[in-house]
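J.: Input: one structure, supplied below.
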Amino acid sequence: MTLTEQDATTTVFRDRRRRRAQRRAAEDRDERPPGGRRPASSRVLVLVALALLTLYSVAPVWWLIVSVTKDQRDLLYSNGLWFAELNFLDNLDQVFTYNDGIFVRWMGNSLLYAGVGAAVCTLISVAAGYSLSRFSWPGRQAAMAAVIGSFLIPGAMLTLPLYLLFAEVGLVDSVWAVLIPTFISPFSVYLAKVYVDGAIPEEIIEAARIDGAGEVRIFFQIVARMMTTGSATVFLLSFVSNWNQFFLPLTMLRGEDKWTLSLGLYYWNAKRDEAGTDLTALVLTGALLSIIPLALFMIAMQRYWRTGVTLGSLK
């Protein structure tokens, strides 16, 4: 075989190996066919799956919106997924005037428990997470293990011990019986600790100490400002959890004027069995109104998350 033939044969084998390697790489990466478009059947399956998931998510909200526009008779005898005679304004008037406007009191109580509890919980969690992340002290690993183990315990299991403890000190049926347990959240401490690990460089803290700044000043003027996104996340998760809590207020509170929205709406719904009074329309309208504060907080917190993402991209 001449040199030219050898070169040609080598070139052919090299091309074959290259094409074989490209086919294997395309199979490993699951590349799209030429043209950059998926097959029509694949696109249809994806669209159908997304449509079903959207319907599954939106259907309960749609049913709630439709139901709050109906009176008691239409709730029972009309199509549950479509409108009947419009009675939304009448339902609103009944919600805010029934039992001397107790719904407004319940709304204020829920805002108090959720807002104050979330604010204090955020401060404690961020401080504890910063301590676990950036300070060395005896027992830190044991404390971290206790934090991780404690947020795996269901909160309902702690309600009875808390009730017995508060009964001893005379706090049952008071605002503090609901507020104090919301101040501590092991999961929020762990979340803050993880965020400090990734967002707060040790060099900045050391530079501040060299400049003579105290630990309290470092925490409030440097760490707290750099943890805006993490603090907003902790606050929102705590707020939603406190807003939706039911078992703790049910156990601790006796007076109707101290109830939360969830507990009050449950009481209205239970009246159907106890006194024969059907307040389903009021319960549904109150449930819709209870979503509004959560939506407002979610919208208000978006700018903090957007700021955190932009800061991360600049780094």
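So you can find residues: chains in the structure tokens are A, B, ... in the order shown, residues in each start at 1, and ligands are numbered from 1 in order.
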Using DSSP on the backbone coordinates, identify the residues of segment 190-303 of chain A assigned to helix (DSSP H, G or I); present them as a PyMOL selection string.

T.: chain A and resi 190-199+202-210+215-226+228-244+247-252+256-258+261-274+280-303

J.: May I have the selected residues written with C-alpha atoms, as an mmCIF file, in the first residue's frame?

T.:
data_model
loop_
_atom_site.group_PDB
_atom_site.id
_atom_site.type_symbol
_atom_site.label_atom_id
_atom_site.label_comp_id
_atom_site.auth_asym_id
_atom_site.auth_seq_id
_atom_site.Cartn_x
_atom_site.Cartn_y
_atom_site.Cartn_z
ATOM 1 C CA TYR A 190 -30.749 26.555 60.037
ATOM 2 C CA LEU A 191 -31.802 28.487 56.935
ATOM 3 C CA ALA A 192 -30.124 31.654 58.222
ATOM 4 C CA LYS A 193 -26.947 29.733 59.070
ATOM 5 C CA VAL A 194 -26.742 28.281 55.564
ATOM 6 C CA TYR A 195 -27.316 31.705 54.033
ATOM 7 C CA VAL A 196 -24.579 33.304 56.169
ATOM 8 C CA ASP A 197 -22.163 30.567 55.055
ATOM 9 C CA GLY A 198 -22.657 31.520 51.411
ATOM 10 C CA ALA A 199 -23.361 35.254 51.529
ATOM 11 C CA GLU A 202 -15.231 36.271 56.587
ATOM 12 C CA GLU A 203 -12.830 38.899 55.197
ATOM 13 C CA ILE A 204 -15.470 41.629 55.576
ATOM 14 C CA ILE A 205 -16.082 40.731 59.212
ATOM 15 C CA GLU A 206 -12.363 40.597 59.977
ATOM 16 C CA ALA A 207 -11.815 43.968 58.288
ATOM 17 C CA ALA A 208 -14.584 45.502 60.386
ATOM 18 C CA ARG A 209 -13.028 44.108 63.559
ATOM 19 C CA ILE A 210 -9.636 45.493 62.598
ATOM 20 C CA GLU A 215 -19.797 42.710 67.307
ATOM 21 C CA VAL A 216 -23.215 44.314 67.737
ATOM 22 C CA ARG A 217 -22.363 47.040 65.233
ATOM 23 C CA ILE A 218 -20.985 44.470 62.788
ATOM 24 C CA PHE A 219 -24.163 42.438 63.019
ATOM 25 C CA PHE A 220 -26.645 45.282 62.537
ATOM 26 C CA GLN A 221 -24.700 47.457 60.087
ATOM 27 C CA ILE A 222 -22.955 44.818 57.965
ATOM 28 C CA VAL A 223 -24.391 41.323 58.402
ATOM 29 C CA ALA A 224 -28.050 42.341 58.604
ATOM 30 C CA ARG A 225 -27.778 44.523 55.493
ATOM 31 C CA MET A 226 -26.018 41.820 53.491
ATOM 32 C CA THR A 228 -31.646 41.195 53.228
ATOM 33 C CA THR A 229 -32.699 38.396 50.901
ATOM 34 C CA GLY A 230 -32.207 35.694 53.519
ATOM 35 C CA SER A 231 -34.029 37.714 56.175
ATOM 36 C CA ALA A 232 -36.935 38.344 53.799
ATOM 37 C CA THR A 233 -37.186 34.616 53.108
ATOM 38 C CA VAL A 234 -37.151 33.745 56.812
ATOM 39 C CA PHE A 235 -39.739 36.441 57.548
ATOM 40 C CA LEU A 236 -42.123 35.342 54.803
ATOM 41 C CA LEU A 237 -41.920 31.638 55.695
ATOM 42 C CA SER A 238 -42.506 32.460 59.351
ATOM 43 C CA PHE A 239 -45.370 34.833 58.521
ATOM 44 C CA VAL A 240 -47.163 32.249 56.377
ATOM 45 C CA SER A 241 -46.683 29.561 59.028
ATOM 46 C CA ASN A 242 -47.999 31.817 61.803
ATOM 47 C CA TRP A 243 -50.902 33.040 59.681
ATOM 48 C CA ASN A 244 -52.078 29.496 58.954
ATOM 49 C CA PHE A 247 -53.812 23.822 66.570
ATOM 50 C CA LEU A 248 -51.835 26.170 68.843
ATOM 51 C CA PRO A 249 -54.560 28.899 69.052
ATOM 52 C CA LEU A 250 -57.207 26.200 69.428
ATOM 53 C CA THR A 251 -55.370 24.820 72.470
ATOM 54 C CA MET A 252 -54.269 28.076 74.090
ATOM 55 C CA GLU A 256 -63.508 34.515 71.026
ATOM 56 C CA ASP A 257 -62.011 38.008 70.867
ATOM 57 C CA LYS A 258 -58.460 36.538 70.808
ATOM 58 C CA LEU A 261 -58.915 33.926 61.330
ATOM 59 C CA SER A 262 -58.446 30.187 60.797
ATOM 60 C CA LEU A 263 -59.904 29.387 64.206
ATOM 61 C CA GLY A 264 -62.795 31.807 63.760
ATOM 62 C CA LEU A 265 -63.727 30.475 60.329
ATOM 63 C CA TYR A 266 -63.607 26.946 61.711
ATOM 64 C CA TYR A 267 -66.026 28.008 64.453
ATOM 65 C CA TRP A 268 -68.416 29.538 61.914
ATOM 66 C CA ASN A 269 -68.329 26.356 59.861
ATOM 67 C CA ALA A 270 -68.945 24.207 62.960
ATOM 68 C CA LYS A 271 -72.066 26.224 63.822
ATOM 69 C CA ARG A 272 -73.931 24.304 61.129
ATOM 70 C CA ASP A 273 -73.779 21.174 63.280
ATOM 71 C CA GLU A 274 -74.145 22.832 66.679
ATOM 72 C CA THR A 280 -71.026 28.470 54.455
ATOM 73 C CA ALA A 281 -71.237 31.612 52.319
ATOM 74 C CA LEU A 282 -69.609 33.668 55.090
ATOM 75 C CA VAL A 283 -66.910 31.055 55.622
ATOM 76 C CA LEU A 284 -66.013 31.021 51.922
ATOM 77 C CA THR A 285 -65.976 34.818 51.710
ATOM 78 C CA GLY A 286 -63.797 35.011 54.815
ATOM 79 C CA ALA A 287 -61.432 32.394 53.357
ATOM 80 C CA LEU A 288 -61.024 34.501 50.228
ATOM 81 C CA LEU A 289 -60.339 37.625 52.295
ATOM 82 C CA SER A 290 -57.751 35.737 54.362
ATOM 83 C CA ILE A 291 -55.658 35.152 51.228
ATOM 84 C CA ILE A 292 -55.236 38.875 50.527
ATOM 85 C CA PRO A 293 -52.607 39.628 53.253
ATOM 86 C CA LEU A 294 -50.483 36.678 52.106
ATOM 87 C CA ALA A 295 -50.615 37.867 48.498
ATOM 88 C CA LEU A 296 -49.682 41.415 49.529
ATOM 89 C CA PHE A 297 -46.701 40.201 51.552
ATOM 90 C CA MET A 298 -45.536 38.012 48.682
ATOM 91 C CA ILE A 299 -45.654 40.959 46.286
ATOM 92 C CA ALA A 300 -43.918 43.256 48.787
ATOM 93 C CA MET A 301 -41.078 40.776 49.334
ATOM 94 C CA GLN A 302 -40.294 40.359 45.646
ATOM 95 C CA ARG A 303 -38.017 43.390 45.522
#

J.: Identify, on the basis of only C-alpha atoms, every residue whose closest approach to Val147 of chain A does not exceed 12 Å; exclude the query and any residue fewer than 2 positions from it along the same chain; express the result as a list in words.

T.: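 Near neighbours after the sequence-gap exclusion: Ser125, Ala128, Gly129, Leu132, Arg140, Gln141, Ala142, Ala143, Met144, Ala145, Gly149, Ser150, Phe151, Leu152, Ile153, Ile184, Ser185, Pro186, Phe187, Ser188, Val189, Tyr190, Leu191, Ala192 and Lys193 of chain A.
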
J.: Please determine, counting only C-alpha atoms, which residue among A:Val66, A:Pro181, A:Ile124, A:Ser78 has the shortest atom-to-atom distance to Leu158 of chain A.

T.: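 Smallest distance to Leu158 of chain A is found for A:Pro181.
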
J.: Quick one: residues within 7 Å of Trp106 of chain A, only C-alpha atoms counted, chain neighbours fewer than 2 positions away excluded, as a VMD selection string?

T.: chain A and resid 102 to 104 108 to 110 259 to 261 264
